[in-house]
Structures are given as C-alpha cells and as structure tokens.
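J.: Below is the file my_file-v2.cif, with mmCIF, C-alpha atoms.
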data_query
#
loop_
_atom_site.group_PDB
_atom_site.id
_atom_site.type_symbol
_atom_site.label_atom_id
_atom_site.label_comp_id
_atom_site.auth_asym_id
_atom_site.auth_seq_id
_atom_site.Cartn_x
_atom_site.Cartn_y
_atom_site.Cartn_z
ATOM 1 C CA ALA A 13 106.694 113.203 61.115
ATOM 2 C CA VAL A 14 105.134 111.839 64.306
ATOM 3 C CA GLU A 15 105.607 115.219 66.006
ATOM 4 C CA ALA A 16 104.007 117.012 63.058
ATOM 5 C CA MET A 17 101.021 114.642 63.156
ATOM 6 C CA ARG A 18 100.626 115.215 66.874
ATOM 7 C CA LYS A 19 100.703 118.985 66.393
ATOM 8 C CA ALA A 20 98.117 118.716 63.624
ATOM 9 C CA GLY A 21 95.918 116.540 65.836
ATOM 10 C CA LEU A 22 96.208 118.999 68.723
ATOM 11 C CA ALA A 23 95.309 121.930 66.473
ATOM 12 C CA LYS A 24 92.238 120.129 65.180
ATOM 13 C CA ALA A 25 91.245 119.050 68.707
ATOM 14 C CA ASP A 26 91.554 122.637 69.968
ATOM 15 C CA LYS A 27 89.440 123.896 67.080
ATOM 16 C CA LYS A 28 86.638 121.430 67.824
ATOM 17 C CA ALA A 29 86.816 121.631 71.631
ATOM 18 C CA SER A 30 83.925 124.102 71.909
ATOM 19 C CA ARG A 31 81.544 121.908 69.907
ATOM 20 C CA VAL A 32 78.970 120.036 71.991
ATOM 21 C CA ALA A 33 79.687 116.319 72.343
ATOM 22 C CA ALA A 34 76.541 114.869 73.942
ATOM 23 C CA GLU A 35 76.298 111.564 72.074
ATOM 24 C CA GLY A 36 78.687 108.648 72.486
ATOM 25 C CA LYS A 37 78.872 105.459 74.455
ATOM 26 C CA ILE A 38 79.064 103.920 77.919
ATOM 27 C CA VAL A 39 81.760 101.223 77.884
ATOM 28 C CA LEU A 40 82.120 98.511 80.525
ATOM 29 C CA ALA A 41 85.272 96.648 81.534
ATOM 30 C CA THR A 42 85.422 93.953 84.224
ATOM 31 C CA THR A 43 88.087 91.751 85.764
ATOM 32 C CA ALA A 44 88.026 88.011 85.074
ATOM 33 C CA ASP A 45 86.726 87.234 88.576
ATOM 34 C CA GLY A 46 83.904 89.780 88.234
ATOM 35 C CA LYS A 47 84.888 91.551 91.457
ATOM 36 C CA GLN A 48 86.025 94.804 89.842
ATOM 37 C CA ALA A 49 84.460 96.836 87.056
ATOM 38 C CA VAL A 50 84.549 100.273 85.503
ATOM 39 C CA MET A 51 82.178 102.168 83.238
ATOM 40 C CA VAL A 52 83.513 105.006 81.107
ATOM 41 C CA GLU A 53 81.513 107.607 79.191
ATOM 42 C CA VAL A 54 83.180 108.659 75.940
ATOM 43 C CA ASN A 55 81.335 111.344 73.994
ATOM 44 C CA SER A 56 81.062 112.303 70.342
ATOM 45 C CA GLU A 57 79.035 114.964 68.563
ATOM 46 C CA THR A 58 76.803 112.529 66.667
ATOM 47 C CA ASP A 59 75.364 109.083 67.214
ATOM 48 C CA PHE A 60 76.760 108.121 63.797
ATOM 49 C CA VAL A 61 80.334 108.517 65.051
ATOM 50 C CA ALA A 62 79.444 106.639 68.254
ATOM 51 C CA LYS A 63 78.987 103.586 66.011
ATOM 52 C CA ASP A 64 82.297 104.070 64.187
ATOM 53 C CA GLU A 65 84.803 101.226 64.671
ATOM 54 C CA ASN A 66 87.669 103.636 65.402
ATOM 55 C CA PHE A 67 85.635 105.435 68.064
ATOM 56 C CA ASN A 68 84.594 102.130 69.635
ATOM 57 C CA ALA A 69 88.147 100.783 69.638
ATOM 58 C CA PHE A 70 89.330 103.942 71.404
ATOM 59 C CA ALA A 71 86.476 103.803 73.951
ATOM 60 C CA THR A 72 87.178 100.127 74.705
ATOM 61 C CA SER A 73 90.888 100.813 75.170
ATOM 62 C CA VAL A 74 90.113 103.706 77.531
ATOM 63 C CA ALA A 75 87.808 101.497 79.632
ATOM 64 C CA GLU A 76 90.429 98.734 79.835
ATOM 65 C CA LYS A 77 93.070 101.306 80.762
ATOM 66 C CA THR A 78 90.845 102.698 83.499
ATOM 67 C CA LEU A 79 90.273 99.234 84.924
ATOM 68 C CA ALA A 80 93.963 98.346 84.854
ATOM 69 C CA ASP A 81 95.397 101.605 86.235
ATOM 70 C CA SER A 82 92.701 102.834 88.648
ATOM 71 C CA PRO A 83 93.381 106.533 87.878
ATOM 72 C CA ALA A 84 92.252 109.068 90.475
ATOM 73 C CA ASP A 85 90.276 111.125 87.982
ATOM 74 C CA VAL A 86 89.805 111.847 84.273
ATOM 75 C CA ALA A 87 92.840 114.158 84.175
ATOM 76 C CA ALA A 88 95.069 111.361 85.492
ATOM 77 C CA LEU A 89 93.529 108.931 83.004
ATOM 78 C CA MET A 90 94.181 111.256 80.066
ATOM 79 C CA ALA A 91 97.813 111.681 81.115
ATOM 80 C CA SER A 92 98.451 107.930 81.376
ATOM 81 C CA ASP A 93 100.364 105.928 78.749
ATOM 82 C CA MET A 94 98.539 104.237 75.880
ATOM 83 C CA ASP A 95 99.755 102.993 72.476
ATOM 84 C CA GLY A 96 103.140 104.707 72.660
ATOM 85 C CA GLY A 97 101.711 108.053 73.748
ATOM 86 C CA THR A 98 99.110 109.250 76.206
ATOM 87 C CA VAL A 99 95.360 108.729 76.235
ATOM 88 C CA GLU A 100 95.006 112.447 75.488
ATOM 89 C CA GLU A 101 97.232 112.158 72.421
ATOM 90 C CA ALA A 102 95.186 109.177 71.240
ATOM 91 C CA ARG A 103 92.037 111.283 71.652
ATOM 92 C CA GLN A 104 93.542 114.106 69.602
ATOM 93 C CA ALA A 105 94.563 111.672 66.870
ATOM 94 C CA LEU A 106 91.029 110.274 66.791
ATOM 95 C CA ILE A 107 89.567 113.776 66.424
ATOM 96 C CA ALA A 108 91.927 114.443 63.516
ATOM 97 C CA LYS A 109 90.854 111.181 61.878
ATOM 98 C CA ILE A 110 87.094 111.342 62.483
ATOM 99 C CA GLY A 111 86.522 115.090 62.360
ATOM 100 C CA GLU A 112 84.331 115.399 65.452
ATOM 101 C CA ASN A 113 84.915 116.560 68.993
ATOM 102 C CA ILE A 114 85.616 113.483 71.153
ATOM 103 C CA GLN A 115 85.674 113.693 74.940
ATOM 104 C CA VAL A 116 86.362 111.227 77.740
ATOM 105 C CA ARG A 117 83.846 112.707 80.132
ATOM 106 C CA ARG A 118 83.749 110.552 83.266
ATOM 107 C CA PHE A 119 84.116 107.085 84.735
ATOM 108 C CA VAL A 120 82.888 105.154 87.768
ATOM 109 C CA ARG A 121 84.533 102.192 89.430
ATOM 110 C CA ALA A 122 83.266 99.394 91.680
ATOM 111 C CA GLU A 123 85.227 96.818 93.644
ATOM 112 C CA THR A 124 83.598 94.355 96.018
ATOM 113 C CA GLY A 125 83.930 91.072 97.834
ATOM 114 C CA ASN A 126 80.223 90.542 97.185
ATOM 115 C CA THR A 127 78.488 89.968 93.843
ATOM 116 C CA LEU A 128 78.822 92.736 91.282
ATOM 117 C CA GLY A 129 76.040 93.190 88.750
ATOM 118 C CA ALA A 130 76.950 95.049 85.557
ATOM 119 C CA TYR A 131 74.703 95.937 82.646
ATOM 120 C CA VAL A 132 74.948 98.296 79.670
ATOM 121 C CA HIS A 133 71.862 98.917 77.564
ATOM 122 C CA GLY A 134 72.555 99.782 73.939
ATOM 123 C CA GLY A 135 75.740 101.574 74.897
ATOM 124 C CA LYS A 136 73.610 104.427 76.274
ATOM 125 C CA ILE A 137 72.810 103.433 79.877
ATOM 126 C CA GLY A 138 75.211 101.646 82.203
ATOM 127 C CA VAL A 139 74.756 100.268 85.720
ATOM 128 C CA LEU A 140 77.039 98.784 88.366
ATOM 129 C CA VAL A 141 75.345 97.351 91.466
ATOM 130 C CA GLU A 142 76.790 95.597 94.506
ATOM 131 C CA VAL A 143 74.625 92.791 95.881
ATOM 132 C CA GLU A 144 75.334 90.915 99.098
ATOM 133 C CA GLY A 145 73.893 87.403 98.951
ATOM 134 C CA GLY A 146 72.006 85.968 96.008
ATOM 135 C CA ASP A 147 73.897 85.041 92.855
ATOM 136 C CA ALA A 148 75.208 86.501 89.597
ATOM 137 C CA ALA A 149 71.837 86.102 87.865
ATOM 138 C CA LEU A 150 70.087 88.131 90.579
ATOM 139 C CA ALA A 151 72.759 90.854 90.475
ATOM 140 C CA HIS A 152 72.365 91.080 86.691
ATOM 141 C CA ASP A 153 68.572 91.344 86.995
ATOM 142 C CA ILE A 154 68.873 94.118 89.581
ATOM 143 C CA ALA A 155 71.304 95.997 87.319
ATOM 144 C CA LEU A 156 68.877 95.596 84.409
ATOM 145 C CA HIS A 157 66.038 96.917 86.593
ATOM 146 C CA ILE A 158 68.058 99.970 87.639
ATOM 147 C CA ALA A 159 68.868 100.709 83.995
ATOM 148 C CA ALA A 160 65.180 100.548 83.058
ATOM 149 C CA MET A 161 63.508 102.181 86.073
ATOM 150 C CA ASN A 162 66.117 104.729 87.196
ATOM 151 C CA PRO A 163 65.658 104.679 90.992
ATOM 152 C CA GLU A 164 67.269 107.608 92.771
ATOM 153 C CA PHE A 165 68.020 105.824 96.049
ATOM 154 C CA VAL A 166 68.292 102.271 97.377
ATOM 155 C CA SER A 167 65.759 102.595 100.216
ATOM 156 C CA ASP A 168 63.648 105.118 102.149
ATOM 157 C CA ASP A 169 66.493 105.454 104.666
ATOM 158 C CA ASP A 170 68.761 106.815 101.923
ATOM 159 C CA VAL A 171 66.414 109.634 100.894
ATOM 160 C CA PRO A 172 67.701 112.945 102.348
ATOM 161 C CA ALA A 173 65.439 114.678 104.857
ATOM 162 C CA ASP A 174 65.229 117.845 102.742
ATOM 163 C CA VAL A 175 63.970 115.837 99.739
ATOM 164 C CA ILE A 176 61.228 114.295 101.878
ATOM 165 C CA ALA A 177 60.325 117.665 103.415
ATOM 166 C CA ARG A 178 60.096 119.344 100.021
ATOM 167 C CA GLU A 179 57.853 116.617 98.622
ATOM 168 C CA LYS A 180 55.686 116.686 101.750
ATOM 169 C CA ASP A 181 55.198 120.460 101.398
ATOM 170 C CA ILE A 182 54.007 119.976 97.815
ATOM 171 C CA LEU A 183 51.611 117.204 98.811
ATOM 172 C CA VAL A 184 50.203 119.237 101.713
ATOM 173 C CA ALA A 185 49.559 122.208 99.441
ATOM 174 C CA GLN A 186 47.781 119.946 96.951
ATOM 175 C CA ALA A 187 45.679 118.252 99.653
ATOM 176 C CA GLU A 188 44.653 121.491 101.346
ATOM 177 C CA GLY A 189 43.032 122.581 98.109
ATOM 178 C CA SER A 190 40.599 119.666 98.447
ATOM 179 C CA GLY A 191 38.789 121.315 101.364
ATOM 180 C CA LYS A 192 38.874 118.098 103.413
ATOM 181 C CA PRO A 193 39.333 118.027 107.219
ATOM 182 C CA ALA A 194 42.864 118.203 108.631
ATOM 183 C CA ALA A 195 42.808 114.580 109.803
ATOM 184 C CA ILE A 196 41.881 113.366 106.329
ATOM 185 C CA ILE A 197 44.500 115.612 104.740
ATOM 186 C CA GLU A 198 47.164 114.118 107.018
ATOM 187 C CA LYS A 199 46.216 110.598 105.928
ATOM 188 C CA MET A 200 46.158 111.649 102.261
ATOM 189 C CA VAL A 201 49.625 113.204 102.516
ATOM 190 C CA SER A 202 51.023 110.181 104.368
ATOM 191 C CA GLY A 203 49.725 107.760 101.737
ATOM 192 C CA ARG A 204 50.900 109.847 98.805
ATOM 193 C CA LEU A 205 54.329 110.313 100.367
ATOM 194 C CA ARG A 206 54.733 106.542 100.788
ATOM 195 C CA LYS A 207 53.761 106.083 97.150
ATOM 196 C CA HIS A 208 56.260 108.740 96.040
ATOM 197 C CA LEU A 209 59.087 107.181 98.058
ATOM 198 C CA ALA A 210 58.292 103.767 96.604
ATOM 199 C CA GLY A 211 58.618 105.249 93.134
ATOM 200 C CA ILE A 212 62.060 106.775 93.665
ATOM 201 C CA THR A 213 63.658 103.965 95.715
ATOM 202 C CA LEU A 214 64.980 100.711 94.314
ATOM 203 C CA LEU A 215 63.440 98.556 97.042
ATOM 204 C CA GLY A 216 60.011 100.127 96.642
ATOM 205 C CA GLN A 217 59.734 99.842 92.863
ATOM 206 C CA PRO A 218 57.834 96.982 91.169
ATOM 207 C CA PHE A 219 60.416 94.588 89.724
ATOM 208 C CA VAL A 220 60.758 95.191 85.984
ATOM 209 C CA LYS A 221 60.401 91.463 85.198
ATOM 210 C CA ASP A 222 57.440 90.906 87.541
ATOM 211 C CA GLY A 223 55.198 93.868 88.359
ATOM 212 C CA ASP A 224 53.491 91.934 91.160
ATOM 213 C CA LEU A 225 56.750 91.824 93.100
ATOM 214 C CA THR A 226 58.742 94.771 94.462
ATOM 215 C CA VAL A 227 62.518 94.664 94.267
ATOM 216 C CA GLY A 228 62.588 94.688 98.065
ATOM 217 C CA LYS A 229 60.474 91.530 98.231
ATOM 218 C CA LEU A 230 62.540 89.884 95.504
ATOM 219 C CA LEU A 231 65.734 90.510 97.458
ATOM 220 C CA LYS A 232 64.128 89.206 100.632
ATOM 221 C CA GLN A 233 63.130 86.002 98.843
ATOM 222 C CA LYS A 234 66.737 85.556 97.709
ATOM 223 C CA ASN A 235 68.142 86.503 101.138
ATOM 224 C CA ALA A 236 70.089 89.320 99.497
ATOM 225 C CA THR A 237 70.640 93.051 99.987
ATOM 226 C CA VAL A 238 71.788 95.845 97.692
ATOM 227 C CA LYS A 239 74.753 97.743 99.120
ATOM 228 C CA GLY A 240 74.782 100.455 96.454
ATOM 229 C CA PHE A 241 74.649 101.218 92.741
ATOM 230 C CA GLN A 242 75.945 103.606 90.102
ATOM 231 C CA ARG A 243 74.107 104.552 86.905
ATOM 232 C CA LEU A 244 75.444 106.490 83.906
ATOM 233 C CA VAL A 245 73.491 107.820 80.940
ATOM 234 C CA VAL A 246 75.218 109.128 77.816
ATOM 235 C CA GLY A 247 74.988 112.910 77.583
ATOM 236 C CA GLU A 248 73.218 113.252 80.920
ATOM 237 C CA GLY A 249 73.391 116.885 82.064
ATOM 238 C CA ILE A 250 74.901 118.155 78.803
ATOM 239 C CA GLU A 251 72.869 120.861 77.108
ATOM 240 C CA LYS A 252 72.345 119.671 73.566
ATOM 241 C CA LYS A 253 71.937 121.952 70.592
ATOM 242 C CA GLN A 254 68.363 121.785 69.339
ATOM 243 C CA GLU A 255 68.290 121.342 65.588
ATOM 244 C CA ASN A 256 65.300 122.671 63.645
ATOM 245 C CA PHE A 257 65.870 121.129 60.227
ATOM 246 C CA ALA A 258 62.662 122.532 58.712
ATOM 247 C CA GLU A 259 63.731 126.052 59.682
ATOM 248 C CA GLU A 260 67.237 125.418 58.365
ATOM 249 C CA VAL A 261 65.886 124.311 54.969
ATOM 250 C CA MET A 262 63.569 127.335 54.765
ATOM 251 C CA GLN A 263 66.483 129.667 55.483
ATOM 252 C CA GLN A 264 68.494 128.051 52.681
ATOM 253 C CA VAL A 265 65.565 128.355 50.278
ATOM 254 C CA SER A 266 65.092 132.001 51.214
ATOM 255 C CA GLY A 267 68.778 132.657 50.720
ATOM 256 C CA ASN A 268 68.698 131.101 47.278
#
So, in terms of structure tokens, how does the structure I just supplied come out?
T.:
Amino acid sequence: AVEAMRKAGLAKADKKASRVAAEGKIVLATTADGKQAVMVEVNSETDFVAKDENFNAFATSVAEKTLADSPADVAALMASDMDGGTVEEARQALIAKIGENIQVRRFVRAETGNTLGAYVHGGKIGVLVEVEGGDAALAHDIALHIAAMNPEFVSDDDVPADVIAREKDILVAQAEGSGKPAAIIEKMVSGRLRKHLAGITLLGQPFVKDGDLTVGKLLKQKNATVKGFQRLVVGEGIEKKQENFAEEVMQQVSGN
C-alpha cells in the first residue's frame, strides 16, 4: 500500500512538474547558540497554498533538516532521509495531497563566530547577515534594513569595476547632453556616481530606522563591521504567468 501511494504521488508530481511554482515561503532555522542558520525557499503555485498548514509543516521540516545535515546542494537535500523516506518522497506526497506543484528551490547557510543577524519578513524576504562587534539587537536591525532596502553590495570596495564603469558611461552620456564644459561635466559625473554607489551599498544607504544616519555611520558608532550578507526573495528570477482575469471571463462569455 505504501509503495502504491508513493507511485501515485510520483505520477502526480511528474504531471505537475511543468507548472510554474513562483509563490511559497522563505523558512529560517537557527541553532540554539545563534551561530548557525539556514534559509530555505520552498515554492508553491499559489499564495493560498503557501499558507496551508501541511505546506508550512513540510517547509519547516526541510529547513530543520538542512540545518542539521548541512547538505552540499538541493539534490543532496532531497535525497536525505526524512519521516521514514526521503525529502523528495515527502515532497511528492505533499503534491498528491495538496494538488499543486511544490518545489524546494534553494537554500543558503551561514556559520560564524561573530554575531549572526537573521530576519524573515512575511515569509517572503529573508536575510542572514554576519556582524563583527555590536550586539544581537544591532545585527537584527541590519538584517531588517537589508530586507527593506535591498543593497547589492556591502561597501564601495565590493562593487565590481565593470559595474562602476558601466554606470559611469551612462552618467557621462547624460551629462554631455547638458552642453556644460568638460570640467563641470566631470564634477557632475563624480557626484552622481557617489550618489549611485551610496544607493546600492549597505554602508552608504540611510538607515531604515533613522534616515539621518547611514548604515556605515551606525556601525561606526557601535564599533561594528558587516562581514557579509545573503538575501532571498520568494520567486525571485522565476518568470510568472501573467493572469488576465477580465480577458478570461470575456472568453468564457463569448464561448457560452
């Protein structure tokens, strides 16, 4: 009977595998000492299923499994043991029960001797940040800021040269259209480039809880530094199907 159920679950999972699963949840799991943490993205087709208790129980178990086993990648995670079978078999069983495509898409892991800040916003955005110095409250605030403001890099030094060059080319082209002298254009480009870098770097951004203070100045006040961060957003990079419900209704009316 168990084998038959597994075969039925696999058949249903295979049938739904091509359906886009761009909703879901970011789930966080941390060790008791707060020095290790993982975030796992588990996807569903609809936000409704992402709130289902069975889906959430599965996602939580997967995150705890990831934290405990430290798998090398998603394939290794899916092949690991869970609840008398594998994580993959549990996923197939969940698909058979819920009726939607469910995917364990990715995970990130952080382990540090410093302070680890972890924050998940509404199950949709998750952040892990390593902070040297400061305290747990500061690390949490920095994680919250990263979730809200989405910096691309920690500091100017982390921005690749080609990214800076590309932005500078755009700014030069814009400034040259002003008809101003070359010396003025150079100053305009320099100022605008600094402003752009401040906007895409964590240290340059105004702190989300106090716009008069940059994150860099906040960290300096606390004698702390950010060593790195990871940020996940549910469905990021997945091409979602665009639903036009008005058009769908009109087609049904026309058909009738």
J.: Please compute the atom CA of A:Ile158-atom CA of A:Asp222 distance, one decimal, in Å.
T.: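 Here the two named atoms are 14.0 Å from each other.
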J.: Return as a list in words the set of residues that the PyMOL selection byres ((chain A and resi 116) around 8) yields on the displayed structure.
T.: Val52, Glu53, Val54, Asn55, Val86, Ile114, Gln115, Arg117 and Arg118 of chain A
J.: Name the residues that the PyMOL selection byres ((chain A and resi 214-218) around 8) pulls out of this structure, and write them as number ranges by chain.
T.: A: 158, 163-167, 209-213, 219-220, 222-229
J.: Given all atoms listed in the file as the basis, pick out the residue of A:Ile176, A:Ala149, A:Ala195, A:Val245 nearest to A:Gly36.
T.: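 Of all the options, A:Val245 lies closest to A:Gly36.
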J.: Compare A:His133, A:Arg103, A:Asn66, A:Ala187 by their minimum atom-to-atom distance to A:Val246, counting only C-alpha atoms, and give me the closest one.
T.: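 Among the listed residues, A:His133 lies closest to A:Val246.
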J.: For each of A:Ala185, A:Leu205, A:Ile196, A:Ala44, take the minimum atom-to-atom distance to A:Asp168, counting only C-alpha atoms, then give the residue where this is smallest.
T.: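 Distance minimum relative to A:Asp168 lands on A:Leu205.
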J.: Given the file shown, determine the residues that the PyMOL selection byres ((chain A and resi 159) around 12) selects; report them as an MDAnalysis selection string.
T.: chainID A and resid 129:141 152:158 160:164 214 219:220 241:245
J.: Using only C-alpha atoms, find the one residue out of A:Gln186, A:Ser73, A:Gln48, A:Asn113 that sits nearest to A:Glu198.
T.: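 The closest residue to A:Glu198 is A:Gln186.
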J.: Could you check which of A:Glu251, A:Asp59, A:Asp181, A:Glu76 is closest to A:Arg204, using all atoms listed in the file?
T.: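 Closest to A:Arg204, using all atoms listed in the file: A:Asp181.
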J.: Considering only C-alpha atoms, state which residue in the set A:Ala148, A:Met90, A:Leu40, A:Pro172 is at the smallest distance from A:Arg121.
T.: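 Distance minimum relative to A:Arg121 lands on A:Leu40.
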J.: Between atom CA of A:Ala49 and atom CA of A:Ile107, what is the spacing in Å?
T.: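 Computing it gives 27.2 Å between the two atoms.
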J.: Please provide the set of residues having any atom within 10 Å of A:Asp93, restricted to all atoms listed in the file, with same-chain residues fewer than 4 positions apart removed, written as a list of chain:residue names.
T.: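 Counting all atoms listed in the file, the residues come to A:Lys77, A:Asp81, A:Leu89, A:Gly97, A:Thr98, A:Val99, A:Glu100, A:Glu101, A:Ala102.
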J.: Any idea what the distance is between atom CA of A:Pro83 and atom CA of A:Asn68?
T.: 20.7 Å
J.: If we draw a sphere of 10 Å around (54.4, 113.2, 97.6), which residues have at least one atom in it when counting only C-alpha atoms? Please report them as a PyMOL selection string.
T.: chain A and resi 176-184+186+200-209
J.: Need the shell around A:Lys239: protein/DNA/RNA residues with any atom at most 10 Å away, counting only C-alpha atoms. Skip same-chain ones fewer than 2 positions apart. Format as a list in words?
T.: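 Non-adjacent residues within range: Thr124, Asn126, Val141, Glu142, Val143, Glu144, Val166, Ala236, Thr237 and Phe241 of chain A.
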